[in-house]
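Engineer: If you scroll down you'll find the structure; I have some questions about it.
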Amino acid sequence: MRVAVGEKFSCFAFSRCAVGDDLGDGLALGNGLAVGRTLGLDIGQHWPAWLGSLAMDEMREISFVIHATAPAAHPEVLDGENQALTRACDYVWYGLLLQGVPSYMEGFTLTGANVAGEIQVRQFGHVRDYEPTYEMPEFRLDAGAAKLAALLGERLGRIDVLGSPPWGRLRRGLRALFRGSKEGDGGDRLHEFVRALEAVVRPDIGNTRNQFAHRAQTFATASPRARESLLQIFDLRSHVEHMHLAIAALEGAEKDRIAVANHRTRQVDALARFVFRHVLESDALLEIFRTEEGIERFWALPDDERTRAWGARLDLAGIR
């Protein structure tokens with residue numbers, strides 16, 4: 001990370017990540033944003049006393065960094081300019097989470113400025129903990145993922161206007177998706193992912209289960225097997241909603257029920273991220289999901305018209 005004299009910076013730094021070799025010495029993403037494999041800041045003598053030995057040990061293991069820089073009117077002051085740079089990093093991070101949850105040990109946030117040639121860290125914190133779903137294939141942070149994250153982050157910034165009616169349902173679904181990504185308990189995790197999908201599926205009260213399984217096949221390749229999986233996913237969600245163990249929705253030996261519940265969690269995880277990623281990548285779909293009225297019109301379309309409007313679908317059977 002390079003910070004010129006008079007510039008402010010913000011960065012998210014992660015230790016012990018799986019990172020693609022194609023990131024090299026760093027990758028510019030535009031608008032002052034970039035990602036890299038090293039922090040690139042000299043650790044001052046005061047840092048060990050300031051952060052503590054455990055945090056310092058992890059800081060030495062940093063392997064992935066998101067950072068943003070910009071010229072500052074008052075580099076010596078921590079203010080809204082730093083907050084804006086932190087928010088820009090946040091959106092790129094959420095853009096990555098829409099693709100998958102990387103495995104990392106610790107995540108740190110730093111913001112400050114280059115004042116007269118000296119890098120000064122004005123604020124230090126921790127990135128919220130997120131966990132990959134159990135036995136989900138490893139999500140590697142590489143150049144392709146970073147470029148897509150920048151695009152998704154720009155779209156997230158566009159719709160993230162709290163209290164504004166446009167995209168309200170989409171925002172609520174995204175919050176559920178990100179909450180689910182923090183859950184360590186498999187049942188609660190699946191529950192949040194289904195809630196995220198319900199934000200876009202918009203099932204009618206009283207017919208939620210059947211409509212969820214039917215409408216979700218707009219996003220997932222339609223088949224009897226996909227419908228069965230989606231119905232089972234919804235049943236697991238309903239048991240968690242009513243404070244029962246998720247596996248109580250299934251039959252068979254306990255180890256088999258656990259295996260099925262874990263598989264369904266991986267499937268709904270992949271489907272939820274695919275759906276929100278697909279909406280954010282498409283100008284047409286983003287406009288459709290802008291308002292409740294647009295969403296209602298979308299679901300009122302005949303199945304064949306709706307699937308054409310949606311485009312690419314995910315093969316649930318391919319999620320093992």
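By order of appearance in the structure tokens: chains A, B, ..., then residues from 1 within every chain, and ligands from 1 in the order shown.
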Report as a PyMOL selection string all protein, DNA and RNA residues lying within 12 Å of Glu281 (chain A), evaluated on only C-alpha atoms, omitting residues in the same chain fewer than 5 positions from it.

Structural biologist: chain A and resi 95+98+148-156+274-276+286-287+310-312

Engineer: Any chance you could list, as an mmCIF file with C-alpha atoms, in the first residue's frame, the residues in region 87-294 of chain A that come up strand (DSSP E or B) when DSSP is run on the backbone?

Structural biologist:
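Written output follows (selection-v4.cif):
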```cif
data_model
loop_
_atom_site.group_PDB
_atom_site.id
_atom_site.type_symbol
_atom_site.label_atom_id
_atom_site.label_comp_id
_atom_site.auth_asym_id
_atom_site.auth_seq_id
_atom_site.Cartn_x
_atom_site.Cartn_y
_atom_site.Cartn_z
ATOM 1 C CA GLY A 107 -9.215 -8.880 10.103
ATOM 2 C CA PHE A 108 -8.001 -5.385 11.025
ATOM 3 C CA THR A 109 -9.078 -1.880 10.011
ATOM 4 C CA LEU A 110 -6.666 1.043 9.922
ATOM 5 C CA THR A 111 -7.149 4.611 8.812
ATOM 6 C CA GLY A 112 -4.928 7.677 8.909
ATOM 7 C CA ALA A 113 -2.769 9.815 6.642
ATOM 8 C CA ASN A 114 0.695 10.594 5.351
ATOM 9 C CA VAL A 115 1.560 13.783 7.215
ATOM 10 C CA GLU A 118 5.189 10.116 8.063
ATOM 11 C CA ILE A 119 2.431 7.503 7.947
ATOM 12 C CA GLN A 120 0.202 8.177 10.939
ATOM 13 C CA VAL A 121 -2.460 5.651 11.942
ATOM 14 C CA ARG A 122 -5.294 7.574 13.556
ATOM 15 C CA GLN A 123 -7.701 4.715 14.226
ATOM 16 C CA PHE A 124 -7.411 0.944 14.545
ATOM 17 C CA GLY A 125 -10.137 -1.700 14.833
ATOM 18 C CA HIS A 126 -11.245 -5.184 13.843
ATOM 19 C CA LEU A 141 -9.049 -14.069 -3.116
ATOM 20 C CA ALA A 220 -31.910 -22.473 -9.787
#
```

Engineer: Please list as a PyMOL selection string every residue within 9 Å of region 58-72 of chain A, counting only C-alpha atoms and excluding residues in the same chain fewer than 5 positions away.

Structural biologist: chain A and resi 1-19+31-39+53+81+85-86+88-90+92-93+105-108+113+141

Engineer: Name the closest residue to Ala145 (chain A) among the candidates A:Leu231, A:Leu97, A:Ala213, A:Val77; distances are taken between atoms, counting only C-alpha atoms.

Structural biologist: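 Ranked by minimum distance to Ala145 (chain A), first place goes to A:Leu97.
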
Engineer: Measuring between only C-alpha atoms, which one of A:Ala261, A:Leu27, A:Ala116, A:Ala300 shows the shortest distance to His74 (chain A)?

Structural biologist: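 Smallest distance to His74 (chain A) is found for A:Ala116.
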
Engineer: Which polymer residues have any atom within 9 Å of an atom of Arg215 (chain A), counting only C-alpha atoms, with same-chain residues fewer than 3 positions away left out, as a list in words?

Structural biologist: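 Once the adjacent positions are removed, what remains is Val201, Arg202, Pro203, Asn210, Gln211, Phe212, Thr218, Phe219, Trp299 and Asp303 of chain A.
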